[in-house]
Amino acid sequence: MEALEHLRSGAEIAGYRVLEKLREGGMAVLYRVASPSGAETCLLKIPKLGFGSHPACYAGFDVEQMILGRIAGPDVPQLIAKGESEFGPYLVIEHIAGTPLSDYASRAPLPAEEVARLGAALAAAIHALHRQEVVHHDLKPSHVILRHDGRAALIDFGLAFHGHLPDLVEEESDRPPGTPAYLSPEQLAGVRGDPRSDVFALGVILYLLATGRLPFGEPASLSGQRRRLYVDPVPPRRIRPDLPPWLQEIILHCLEVRAEDRYATAAQVAHDLTHPDQVTVTERGNRLSQPGMMTAGRRWLAALVEPPAVRKSPAAHLALAPHVLVAVDPACGSEPLLQALRDVVARIIAGEAHWRVSCVSVLEPSALTEQEEGAEIMRSLHTQRLVELHHWAQTLGLPQERLRFHVLEGGDAAARLIEYARASHVDHIIMGARGSSGLRRFLGSVSSRLVAEAPCTVTVVRAVPVRDWPP
Amino acid sequence: MKIAVLSDIHGNLEALRACLAHAAREGAEQHVFLGDLVGYGADPVACLGLLADHAGRGALLVRGNHDAAALGGLCENMNDDAREAAYWTRSRLSTAERDFLAALPLTVRRDGLFFAHAGADAPEKWNYITSKVQAGRCMDASPAAVTFAGHVHHQSLYFSAGSVRVFQPVPGVPIPLSPRQRWLAIAGAVGQPRDGNNAAAYAMYDEEERMLTYFRVPYDHMTAARKIVAAGLPARLAWRLQRGK
């Protein structure tokens, strides 16, 4: 056992050659190693097992191995090899090149735009993880790496939870597993597996980046940690008056005490951080003082009741909060089609508790807008289209804070829509079928390209012409 | 090696065939039958014939309480339907089949794995494993880190590295079994599922990968139920197959 914690540079495990010891944590030792071909550098992780080591070490190591074996994508490190060496078990993990978010956090407070950019990248990575049935449960700046291309990757899955696998993380009665400053209220009560716990930790990270402070400090005692169940953090704008209200709105929305009051998905946080002009700012975004004693007292009483255990898997949670994109061409001239689109939107979000609908239109440049005064004309067309979108949605009678409106510009409508759907983690695209005009025959249909290339479900809506019925 | 673990067949030929075919498609190289081969179902003889073939090719089998009941005794611990089915089964078995059942061991051990029909702490007592306490006793008594049991007609997975915990497996999702935990897999029932899902249940363990996968296999339960009624067995036993209860 001793030997594993002090592997010399040049030592080999399963063909991986040790270059240097990176760090030694409480539970594991991390080495930088060269792959057998020597072509790439990876990380070698070895649990500190042996006399006097914490039992959680075993579980944390097994959890990380189990979960890394099930997840993929640029948002997480790839599991390259695993096994039992003569010294004990080991993992070889992809070395993610980039800057740890903790480096940014040490420079906080950061400008609002930078907080939004980093936060959106982090939220996108968290959502990608949740889609794969995994809740991280230990998100903090040192567990996030910003890749050079701007995307975020999450590391250290020792406390993670997979909705379809046994939860090996050790239960301890006196303190919940995790980092106290980032624990959600339900984690403090011992509830595991709710993806909104990660949304809470995301809120703590955003708060830290925006203000340079932790919203709940770093209390050591459980009773100190439990204060967050009834006392709100100081509003970020009181610490930094120049912070825009939309950012405070987003941060405090993530930090709501009750999980059901938070953003339903990290994707919604990412979407809001990338489109701040669309965020409906409520009292939450404008407030400069914390709610009074009455609220705290009421919450203190409510906190005596244990939160219910999580019954849904992480991905099943996301299914309750679909992001629906409806592609509308208000100028299509067919009121029956526009109505049919509204009907289908209403049907698809019916029964889903936390949906979000983005109404999107693509403005294609024409000969007119390519002239000298084109930019001016385009701006006015843009505004006109936006007004028409709002008008189209008005009859739906949906709450404003759940709707988003976007006018995209570009010649290739299908490509613009697919780009938007991918960036905004859209779950379902609804669009109208263009009539069989000569134009469509000439240009090809946008809907058929979306059906073929979109990263999600696509519903193509057609208004049934009255005169053709019955056929 | 991939080992298919099939428990509580209960003389249900349709379910057994469907599970064996499924296991073959999943690449099973070894079979373990966890007892209660007969009792309740209308095809004890055909099932035993199929199982004897497998035994001849190296499959492992253990005895269950319904197998013991088919050999003799008053079956005082059984409910009316079970007792009636046990008496009916006895009347169908020839000497060869009785000898086959009588020769079955209560438990089998194989390379770090342990198999029993009921709780391994006292296999002859046919204890049901329905709680973490009972699961803990079974895991403590087992000589292996991975134990398989049946008897309870629900699929579940108990594990322990100190305190015992339980996990409800998701069909078709492979579960890696860490060597640093003890595991007790309840395979579910091939021939009489009781969790409200009428699909047959079994489990597959991949020894090299240390991966356990639970499966649910839909089968022609209408035919199995019809045969039960035609054989004059209690109608409730037919109804159970259709409802999976």
# chains A, B, ... in the order shown; residues from 1 in each chain; ligands from 1
$ residues_around --residues "Lys140 of chain A" --least-positions-apart "5" --cutoff "10 Å" --atoms "only C-alpha atoms" --output "number ranges by chain"
A: 101-102, 105, 154-155, 178-179, 181-183, 198, 201-202, 204-205
$ write_last_selection --atoms "all heavy atoms" --output "mmCIF file, in the first residue's frame"
data_model
loop_
_atom_site.group_PDB
_atom_site.id
_atom_site.type_symbol
_atom_site.label_atom_id
_atom_site.label_comp_id
_atom_site.auth_asym_id
_atom_site.auth_seq_id
_atom_site.Cartn_x
_atom_site.Cartn_y
_atom_site.Cartn_z
ATOM 1 N N LEU A 101 -11.639 26.085 -12.842
ATOM 2 C CA LEU A 101 -12.508 27.224 -12.531
ATOM 3 C C LEU A 101 -12.055 27.896 -11.235
ATOM 4 O O LEU A 101 -12.317 29.079 -11.017
ATOM 5 C CB LEU A 101 -13.966 26.746 -12.430
ATOM 6 C CG LEU A 101 -15.034 27.832 -12.351
ATOM 7 C CD1 LEU A 101 -15.023 28.729 -13.567
ATOM 8 C CD2 LEU A 101 -16.415 27.227 -12.164
ATOM 9 N N SER A 102 -11.348 27.157 -10.385
ATOM 10 C CA SER A 102 -10.871 27.755 -9.125
ATOM 11 C C SER A 102 -9.889 28.901 -9.391
ATOM 12 O O SER A 102 -9.802 29.836 -8.600
ATOM 13 C CB SER A 102 -10.239 26.687 -8.233
ATOM 14 O OG SER A 102 -9.436 25.827 -8.988
ATOM 15 N N ALA A 105 -12.117 31.712 -9.915
ATOM 16 C CA ALA A 105 -12.773 32.068 -8.651
ATOM 17 C C ALA A 105 -11.835 32.878 -7.766
ATOM 18 O O ALA A 105 -12.280 33.759 -7.033
ATOM 19 C CB ALA A 105 -13.235 30.804 -7.937
ATOM 20 N N LEU A 154 -16.407 18.540 -16.228
ATOM 21 C CA LEU A 154 -16.543 18.268 -14.799
ATOM 22 C C LEU A 154 -15.615 17.121 -14.434
ATOM 23 O O LEU A 154 -15.474 16.164 -15.196
ATOM 24 C CB LEU A 154 -17.991 17.889 -14.474
ATOM 25 C CG LEU A 154 -19.048 18.813 -15.076
ATOM 26 C CD1 LEU A 154 -20.443 18.272 -14.799
ATOM 27 C CD2 LEU A 154 -18.901 20.211 -14.496
ATOM 28 N N ILE A 155 -14.989 17.215 -13.269
ATOM 29 C CA ILE A 155 -14.125 16.118 -12.836
ATOM 30 C C ILE A 155 -14.499 15.675 -11.420
ATOM 31 O O ILE A 155 -15.299 16.322 -10.768
ATOM 32 C CB ILE A 155 -12.627 16.501 -12.891
ATOM 33 C CG1 ILE A 155 -12.361 17.726 -12.014
ATOM 34 C CG2 ILE A 155 -12.185 16.760 -14.318
ATOM 35 C CD1 ILE A 155 -10.884 17.974 -11.765
ATOM 36 N N GLY A 178 -19.893 15.584 0.895
ATOM 37 C CA GLY A 178 -19.817 16.740 0.012
ATOM 38 C C GLY A 178 -19.052 17.875 0.658
ATOM 39 O O GLY A 178 -18.531 17.747 1.765
ATOM 40 N N THR A 179 -18.985 19.001 -0.075
ATOM 41 C CA THR A 179 -18.264 20.164 0.417
ATOM 42 C C THR A 179 -19.279 21.123 1.026
ATOM 43 O O THR A 179 -20.160 21.618 0.309
ATOM 44 C CB THR A 179 -17.516 20.832 -0.754
ATOM 45 O OG1 THR A 179 -16.780 19.801 -1.439
ATOM 46 C CG2 THR A 179 -16.564 21.894 -0.265
ATOM 47 N N ALA A 181 -19.808 24.209 1.794
ATOM 48 C CA ALA A 181 -20.216 25.493 1.223
ATOM 49 C C ALA A 181 -21.163 25.318 0.039
ATOM 50 O O ALA A 181 -21.933 26.223 -0.285
ATOM 51 C CB ALA A 181 -18.985 26.279 0.785
ATOM 52 N N TYR A 182 -21.131 24.163 -0.623
ATOM 53 C CA TYR A 182 -21.881 23.979 -1.874
ATOM 54 C C TYR A 182 -23.082 23.042 -1.729
ATOM 55 O O TYR A 182 -23.772 22.767 -2.702
ATOM 56 C CB TYR A 182 -20.937 23.456 -2.971
ATOM 57 C CG TYR A 182 -19.805 24.419 -3.251
ATOM 58 C CD1 TYR A 182 -18.625 24.378 -2.519
ATOM 59 C CD2 TYR A 182 -19.944 25.410 -4.219
ATOM 60 C CE1 TYR A 182 -17.599 25.283 -2.752
ATOM 61 C CE2 TYR A 182 -18.927 26.315 -4.463
ATOM 62 C CZ TYR A 182 -17.751 26.248 -3.724
ATOM 63 O OH TYR A 182 -16.761 27.155 -3.962
ATOM 64 N N LEU A 183 -23.314 22.525 -0.521
ATOM 65 C CA LEU A 183 -24.380 21.535 -0.334
ATOM 66 C C LEU A 183 -25.757 22.176 -0.436
ATOM 67 O O LEU A 183 -26.012 23.218 0.165
ATOM 68 C CB LEU A 183 -24.240 20.865 1.029
ATOM 69 C CG LEU A 183 -23.085 19.887 1.203
ATOM 70 C CD1 LEU A 183 -23.050 19.381 2.636
ATOM 71 C CD2 LEU A 183 -23.229 18.731 0.239
ATOM 72 N N ASP A 198 -27.492 19.909 -8.014
ATOM 73 C CA ASP A 198 -26.381 20.459 -8.795
ATOM 74 C C ASP A 198 -26.680 21.890 -9.245
ATOM 75 O O ASP A 198 -25.773 22.714 -9.374
ATOM 76 C CB ASP A 198 -26.105 19.590 -10.033
ATOM 77 C CG ASP A 198 -25.347 18.304 -9.687
ATOM 78 O OD1 ASP A 198 -24.884 18.180 -8.540
ATOM 79 O OD2 ASP A 198 -25.225 17.437 -10.577
ATOM 80 N N ALA A 201 -25.692 24.041 -6.384
ATOM 81 C CA ALA A 201 -24.234 24.218 -6.322
ATOM 82 C C ALA A 201 -23.776 25.174 -7.425
ATOM 83 O O ALA A 201 -22.878 25.997 -7.212
ATOM 84 C CB ALA A 201 -23.536 22.865 -6.455
ATOM 85 N N LEU A 202 -24.425 25.095 -8.594
ATOM 86 C CA LEU A 202 -24.129 26.031 -9.686
ATOM 87 C C LEU A 202 -24.415 27.460 -9.229
ATOM 88 O O LEU A 202 -23.638 28.387 -9.504
ATOM 89 C CB LEU A 202 -24.977 25.653 -10.913
ATOM 90 C CG LEU A 202 -25.030 26.623 -12.086
ATOM 91 C CD1 LEU A 202 -23.651 26.824 -12.686
ATOM 92 C CD2 LEU A 202 -25.991 26.110 -13.164
ATOM 93 N N VAL A 204 -24.261 28.563 -6.149
ATOM 94 C CA VAL A 204 -23.208 28.950 -5.206
ATOM 95 C C VAL A 204 -21.969 29.404 -5.985
ATOM 96 O O VAL A 204 -21.346 30.416 -5.667
ATOM 97 C CB VAL A 204 -22.856 27.779 -4.256
ATOM 98 C CG1 VAL A 204 -21.692 28.158 -3.348
ATOM 99 C CG2 VAL A 204 -24.076 27.375 -3.422
ATOM 100 N N ILE A 205 -21.639 28.657 -7.049
ATOM 101 C CA ILE A 205 -20.457 28.998 -7.856
ATOM 102 C C ILE A 205 -20.654 30.355 -8.553
ATOM 103 O O ILE A 205 -19.761 31.202 -8.561
ATOM 104 C CB ILE A 205 -20.158 27.878 -8.883
ATOM 105 C CG1 ILE A 205 -19.764 26.593 -8.140
ATOM 106 C CG2 ILE A 205 -19.063 28.300 -9.856
ATOM 107 C CD1 ILE A 205 -19.668 25.357 -9.018
#
$ closest_atom_pairs --of "chain B" --to "chain A" --cutoff "10 Å" --atoms "only C-alpha atoms" --output "tab-separated table"
residue	atom	partner	partner_atom	distance
B:Leu157	CA	A:Pro166	CA	8.3
B:Tyr158	CA	A:Pro166	CA	9.1
B:Phe159	CA	A:Pro166	CA	8.5
B:Ser160	CA	A:Leu168	CA	8.8
B:Ala161	CA	A:Pro55	CA	8.4
B:Gly162	CA	A:Pro55	CA	9.1
B:Ser163	CA	A:Glu171	CA	8.8
B:Arg165	CA	A:Asp167	CA	8.8
B:Val166	CA	A:Pro166	CA	7.9
B:Phe167	CA	A:Pro166	CA	5.5
B:Gln168	CA	A:Pro166	CA	8.0
B:Pro169	CA	A:His164	CA	7.1
B:Val170	CA	A:His164	CA	6.1
B:Pro171	CA	A:His164	CA	9.4
B:Val173	CA	A:His164	CA	7.1
B:Pro174	CA	A:Leu165	CA	8.4
B:Ile175	CA	A:Leu165	CA	6.2
B:Pro176	CA	A:Met66	CA	6.6
B:Leu177	CA	A:Met66	CA	9.0
B:Ser178	CA	A:Asp62	CA	6.6
B:Pro179	CA	A:Asp62	CA	9.1
B:Arg180	CA	A:Tyr58	CA	7.1
B:Gln181	CA	A:Ala59	CA	8.8
$ residues_around --residues "segment 234-248 of chain A" --least-positions-apart "5" --cutoff "12 Å" --atoms "only C-alpha atoms" --output "PDB file with C-alpha atoms, in the first residue's frame"
ATOM      1  CA  ALA A 108     -13.516  37.026  -8.342  1.00  0.00           C
ATOM      2  CA  PRO A 109     -15.488  39.275  -8.416  1.00  0.00           C
ATOM      3  CA  LEU A 110     -15.478  38.983 -12.198  1.00  0.00           C
ATOM      4  CA  PRO A 111     -17.332  41.153 -14.750  1.00  0.00           C
ATOM      5  CA  ALA A 112     -20.967  40.082 -15.226  1.00  0.00           C
ATOM      6  CA  GLU A 113     -20.314  39.044 -18.847  1.00  0.00           C
ATOM      7  CA  GLU A 114     -17.514  36.732 -17.777  1.00  0.00           C
ATOM      8  CA  VAL A 115     -19.621  35.227 -14.993  1.00  0.00           C
ATOM      9  CA  ALA A 116     -22.356  34.574 -17.559  1.00  0.00           C
ATOM     10  CA  ARG A 117     -19.937  33.042 -20.071  1.00  0.00           C
ATOM     11  CA  GLY A 119     -21.634  29.926 -15.896  1.00  0.00           C
ATOM     12  CA  ALA A 120     -23.271  29.042 -19.222  1.00  0.00           C
ATOM     13  CA  GLY A 203     -25.861  28.964  -7.954  1.00  0.00           C
ATOM     14  CA  VAL A 204     -23.208  28.950  -5.206  1.00  0.00           C
ATOM     15  CA  LEU A 206     -22.127  31.854  -9.800  1.00  0.00           C
ATOM     16  CA  TYR A 207     -22.538  33.817  -6.554  1.00  0.00           C
ATOM     17  CA  LEU A 208     -18.849  33.297  -5.768  1.00  0.00           C
ATOM     18  CA  LEU A 209     -17.719  34.348  -9.255  1.00  0.00           C
ATOM     19  CA  ALA A 210     -19.966  37.430  -9.197  1.00  0.00           C
ATOM     20  CA  THR A 211     -19.211  38.671  -5.673  1.00  0.00           C
ATOM     21  CA  GLY A 212     -15.981  36.993  -4.572  1.00  0.00           C
ATOM     22  CA  ARG A 213     -17.824  35.584  -1.554  1.00  0.00           C
ATOM     23  CA  LEU A 214     -19.546  32.315  -0.707  1.00  0.00           C
ATOM     24  CA  PRO A 215     -23.286  32.829  -0.161  1.00  0.00           C
ATOM     25  CA  PHE A 216     -23.402  30.707   2.999  1.00  0.00           C
ATOM     26  CA  GLY A 217     -19.755  30.898   4.097  1.00  0.00           C
ATOM     27  CA  ARG A 228     -29.313  28.014   4.463  1.00  0.00           C
ATOM     28  CA  HIS A 253     -33.267  31.466  -8.679  1.00  0.00           C
ATOM     29  CA  CYS A 254     -30.620  28.701  -8.510  1.00  0.00           C
ATOM     30  CA  LEU A 255     -30.288  29.166  -4.745  1.00  0.00           C
ATOM     31  CA  VAL A 269     -29.803  28.354 -16.513  1.00  0.00           C
ATOM     32  CA  ALA A 270     -27.457  28.101 -19.507  1.00  0.00           C
ATOM     33  CA  ASP A 272     -30.827  32.452 -19.499  1.00  0.00           C
ATOM     34  CA  LEU A 273     -27.127  33.199 -19.050  1.00  0.00           C
ATOM     35  CA  THR A 274     -26.688  33.328 -22.836  1.00  0.00           C
ATOM     36  CA  HIS A 275     -29.836  35.438 -23.405  1.00  0.00           C
ATOM     37  CA  PRO A 276     -29.931  37.856 -20.440  1.00  0.00           C
ATOM     38  CA  ASP A 277     -32.246  40.264 -22.289  1.00  0.00           C
ATOM     39  CA  GLN A 278     -34.961  37.579 -22.157  1.00  0.00           C
ATOM     40  CA  VAL A 279     -34.815  37.029 -18.387  1.00  0.00           C
ATOM     41  CA  THR A 280     -37.923  38.265 -16.583  1.00  0.00           C
ATOM     42  CA  VAL A 281     -36.514  40.186 -13.605  1.00  0.00           C
ATOM     43  CA  THR A 282     -38.735  39.857 -10.546  1.00  0.00           C
ATOM     44  CA  GLU A 283     -38.384  41.132  -6.996  1.00  0.00           C
ATOM     45  CA  ARG A 284     -35.668  38.464  -6.638  1.00  0.00           C
ATOM     46  CA  GLY A 285     -33.406  40.247  -9.111  1.00  0.00           C
ATOM     47  CA  ASN A 286     -33.951  43.717  -7.695  1.00  0.00           C
ATOM     48  CA  ARG A 287     -33.937  43.137  -3.954  1.00  0.00           C
ATOM     49  CA  LEU A 288     -31.137  44.637  -1.899  1.00  0.00           C
ATOM     50  CA  SER A 289     -32.029  43.144   1.470  1.00  0.00           C
ATOM     51  CA  GLN A 290     -32.809  39.662   2.705  1.00  0.00           C
ATOM     52  CA  PRO A 291     -36.356  38.591   3.553  1.00  0.00           C
ATOM     53  CA  GLY A 292     -37.236  39.365   7.159  1.00  0.00           C
TER      54      GLY A 292
END
$ residues_around --residues "Ala144 of chain B" --least-positions-apart "3" --cutoff "6 Å" --atoms "only C-alpha atoms" --output "MDAnalysis selection string"
chainID B and resid 112:114
$ residues_around --residues "segment 13-27 of chain B" --least-positions-apart "3" --cutoff "6 Å" --atoms "only C-alpha atoms" --output "list in words"
Asp43, Cys47, Gly191 and Tyr219 of chain B
$ select_by_dssp --residues "segment 199-238 of chain B" --states "strand (DSSP E)" --output "PyMOL selection string"
chain B and resi 200-206+211-217
$ closest_atom_pairs --of "segment 44-159 of chain B" --to "segment 223-239 of chain B" --cutoff "9 Å" --atoms "only C-alpha atoms" --output "tab-separated table"
residue	atom	partner	partner_atom	distance
B:Asp81	CA	B:Pro234	CA	6.3
B:Ala82	CA	B:Leu237	CA	8.9
B:Glu84	CA	B:Leu233	CA	7.5
B:Ala85	CA	B:Leu233	CA	6.5
B:Trp88	CA	B:Leu233	CA	7.6
$ residues_around --residues "Ala201 of chain B" --least-positions-apart "6" --cutoff "8 Å" --atoms "only C-alpha atoms" --output "list in words"
Leu6, Cys19, Gln155, Ala187, Gly188, Ala189, Val190, Pro193, Tyr214, Phe215, Arg216 and Val217 of chain B
$ write_last_selection --atoms "C-alpha atoms" --output "CSV table (one decimal), in the first residue's frame"
chain,number,residue,atom,x,y,z
B,6,LEU,CA,-32.8,-18.6,-13.5
B,19,CYS,CA,-35.9,-17.0,-20.8
B,155,GLN,CA,-35.8,-8.8,-8.4
B,187,ALA,CA,-32.9,-13.1,-9.4
B,188,GLY,CA,-36.7,-12.8,-9.6
B,189,ALA,CA,-39.0,-15.5,-10.8
B,190,VAL,CA,-39.0,-17.1,-14.2
B,193,PRO,CA,-43.5,-13.0,-11.3
B,214,TYR,CA,-31.3,-8.2,-14.6
B,215,PHE,CA,-33.8,-9.0,-17.4
B,216,ARG,CA,-37.5,-9.1,-18.0
B,217,VAL,CA,-38.7,-11.3,-20.8
$ closest_residue --among "A:Met431, A:Leu338, A:Val344, A:Leu229" --to "Arg258 of chain A" --atoms "only C-alpha atoms"
A:Leu229
$ select_by_dssp --residues "segment 14-209 of chain B" --states "helix (DSSP H, G or I)" --output "ChimeraX atom specification"
/B:14-25,44-56,65-69,80-92,95-102,123-125,132-141
$ residues_around --residues "His391 of chain A" --least-positions-apart "4" --cutoff "12 Å" --atoms "only C-alpha atoms" --output "list in words"
Val328, Asp329, Pro330, Ala331, Leu338, Arg342, Cys359, Gln384, Arg385, Leu386, Val387, Thr395, Leu396, Gly397 and Phe405 of chain A
$ decode --residues "segment 2-15 of chain B" --atoms "N, CA, C and O atoms" --output "PDB file, in the first residue's frame"
ATOM      1  N   LYS B   2     -20.240 -15.860 -19.098  1.00  0.00           N
ATOM      2  CA  LYS B   2     -21.556 -15.279 -18.799  1.00  0.00           C
ATOM      3  C   LYS B   2     -22.475 -16.359 -18.236  1.00  0.00           C
ATOM      4  O   LYS B   2     -22.710 -17.383 -18.886  1.00  0.00           O
ATOM      5  N   ILE B   3     -22.970 -16.116 -17.034  1.00  0.00           N
ATOM      6  CA  ILE B   3     -23.790 -17.107 -16.338  1.00  0.00           C
ATOM      7  C   ILE B   3     -25.228 -16.610 -16.239  1.00  0.00           C
ATOM      8  O   ILE B   3     -25.486 -15.547 -15.656  1.00  0.00           O
ATOM      9  N   ALA B   4     -26.158 -17.385 -16.801  1.00  0.00           N
ATOM     10  CA  ALA B   4     -27.577 -17.041 -16.670  1.00  0.00           C
ATOM     11  C   ALA B   4     -28.094 -17.676 -15.387  1.00  0.00           C
ATOM     12  O   ALA B   4     -27.907 -18.872 -15.172  1.00  0.00           O
ATOM     13  N   VAL B   5     -28.712 -16.858 -14.535  1.00  0.00           N
ATOM     14  CA  VAL B   5     -29.243 -17.359 -13.268  1.00  0.00           C
ATOM     15  C   VAL B   5     -30.761 -17.320 -13.339  1.00  0.00           C
ATOM     16  O   VAL B   5     -31.362 -16.252 -13.453  1.00  0.00           O
ATOM     17  N   LEU B   6     -31.369 -18.518 -13.323  1.00  0.00           N
ATOM     18  CA  LEU B   6     -32.820 -18.608 -13.486  1.00  0.00           C
ATOM     19  C   LEU B   6     -33.426 -19.259 -12.250  1.00  0.00           C
ATOM     20  O   LEU B   6     -33.085 -20.381 -11.900  1.00  0.00           O
ATOM     21  N   SER B   7     -34.321 -18.537 -11.604  1.00  0.00           N
ATOM     22  CA  SER B   7     -34.900 -19.037 -10.354  1.00  0.00           C
ATOM     23  C   SER B   7     -36.410 -19.173 -10.468  1.00  0.00           C
ATOM     24  O   SER B   7     -37.034 -18.532 -11.323  1.00  0.00           O
ATOM     25  N   ASP B   8     -36.979 -19.991  -9.607  1.00  0.00           N
ATOM     26  CA  ASP B   8     -38.435 -20.102  -9.468  1.00  0.00           C
ATOM     27  C   ASP B   8     -39.147 -20.291 -10.812  1.00  0.00           C
ATOM     28  O   ASP B   8     -39.974 -19.478 -11.211  1.00  0.00           O
ATOM     29  N   ILE B   9     -38.792 -21.395 -11.463  1.00  0.00           N
ATOM     30  CA  ILE B   9     -39.388 -21.715 -12.762  1.00  0.00           C
ATOM     31  C   ILE B   9     -40.820 -22.221 -12.584  1.00  0.00           C
ATOM     32  O   ILE B   9     -41.703 -21.933 -13.390  1.00  0.00           O
ATOM     33  N   HIS B  10     -41.049 -22.972 -11.536  1.00  0.00           N
ATOM     34  CA  HIS B  10     -42.393 -23.393 -11.131  1.00  0.00           C
ATOM     35  C   HIS B  10     -43.180 -24.084 -12.236  1.00  0.00           C
ATOM     36  O   HIS B  10     -44.369 -23.803 -12.429  1.00  0.00           O
ATOM     37  N   GLY B  11     -42.510 -24.933 -12.988  1.00  0.00           N
ATOM     38  CA  GLY B  11     -43.219 -25.733 -13.981  1.00  0.00           C
ATOM     39  C   GLY B  11     -43.865 -24.920 -15.090  1.00  0.00           C
ATOM     40  O   GLY B  11     -44.827 -25.372 -15.715  1.00  0.00           O
ATOM     41  N   ASN B  12     -43.321 -23.723 -15.340  1.00  0.00           N
ATOM     42  CA  ASN B  12     -43.875 -22.851 -16.386  1.00  0.00           C
ATOM     43  C   ASN B  12     -42.981 -22.979 -17.632  1.00  0.00           C
ATOM     44  O   ASN B  12     -41.963 -22.300 -17.760  1.00  0.00           O
ATOM     45  N   LEU B  13     -43.377 -23.871 -18.538  1.00  0.00           N
ATOM     46  CA  LEU B  13     -42.546 -24.191 -19.696  1.00  0.00           C
ATOM     47  C   LEU B  13     -42.396 -23.009 -20.649  1.00  0.00           C
ATOM     48  O   LEU B  13     -41.314 -22.757 -21.180  1.00  0.00           O
ATOM     49  N   GLU B  14     -43.499 -22.277 -20.856  1.00  0.00           N
ATOM     50  CA  GLU B  14     -43.452 -21.146 -21.786  1.00  0.00           C
ATOM     51  C   GLU B  14     -42.444 -20.098 -21.295  1.00  0.00           C
ATOM     52  O   GLU B  14     -41.638 -19.577 -22.069  1.00  0.00           O
ATOM     53  N   ALA B  15     -42.503 -19.799 -19.993  1.00  0.00           N
ATOM     54  CA  ALA B  15     -41.596 -18.799 -19.435  1.00  0.00           C
ATOM     55  C   ALA B  15     -40.155 -19.291 -19.485  1.00  0.00           C
ATOM     56  O   ALA B  15     -39.234 -18.534 -19.815  1.00  0.00           O
TER      57      ALA B  15
END
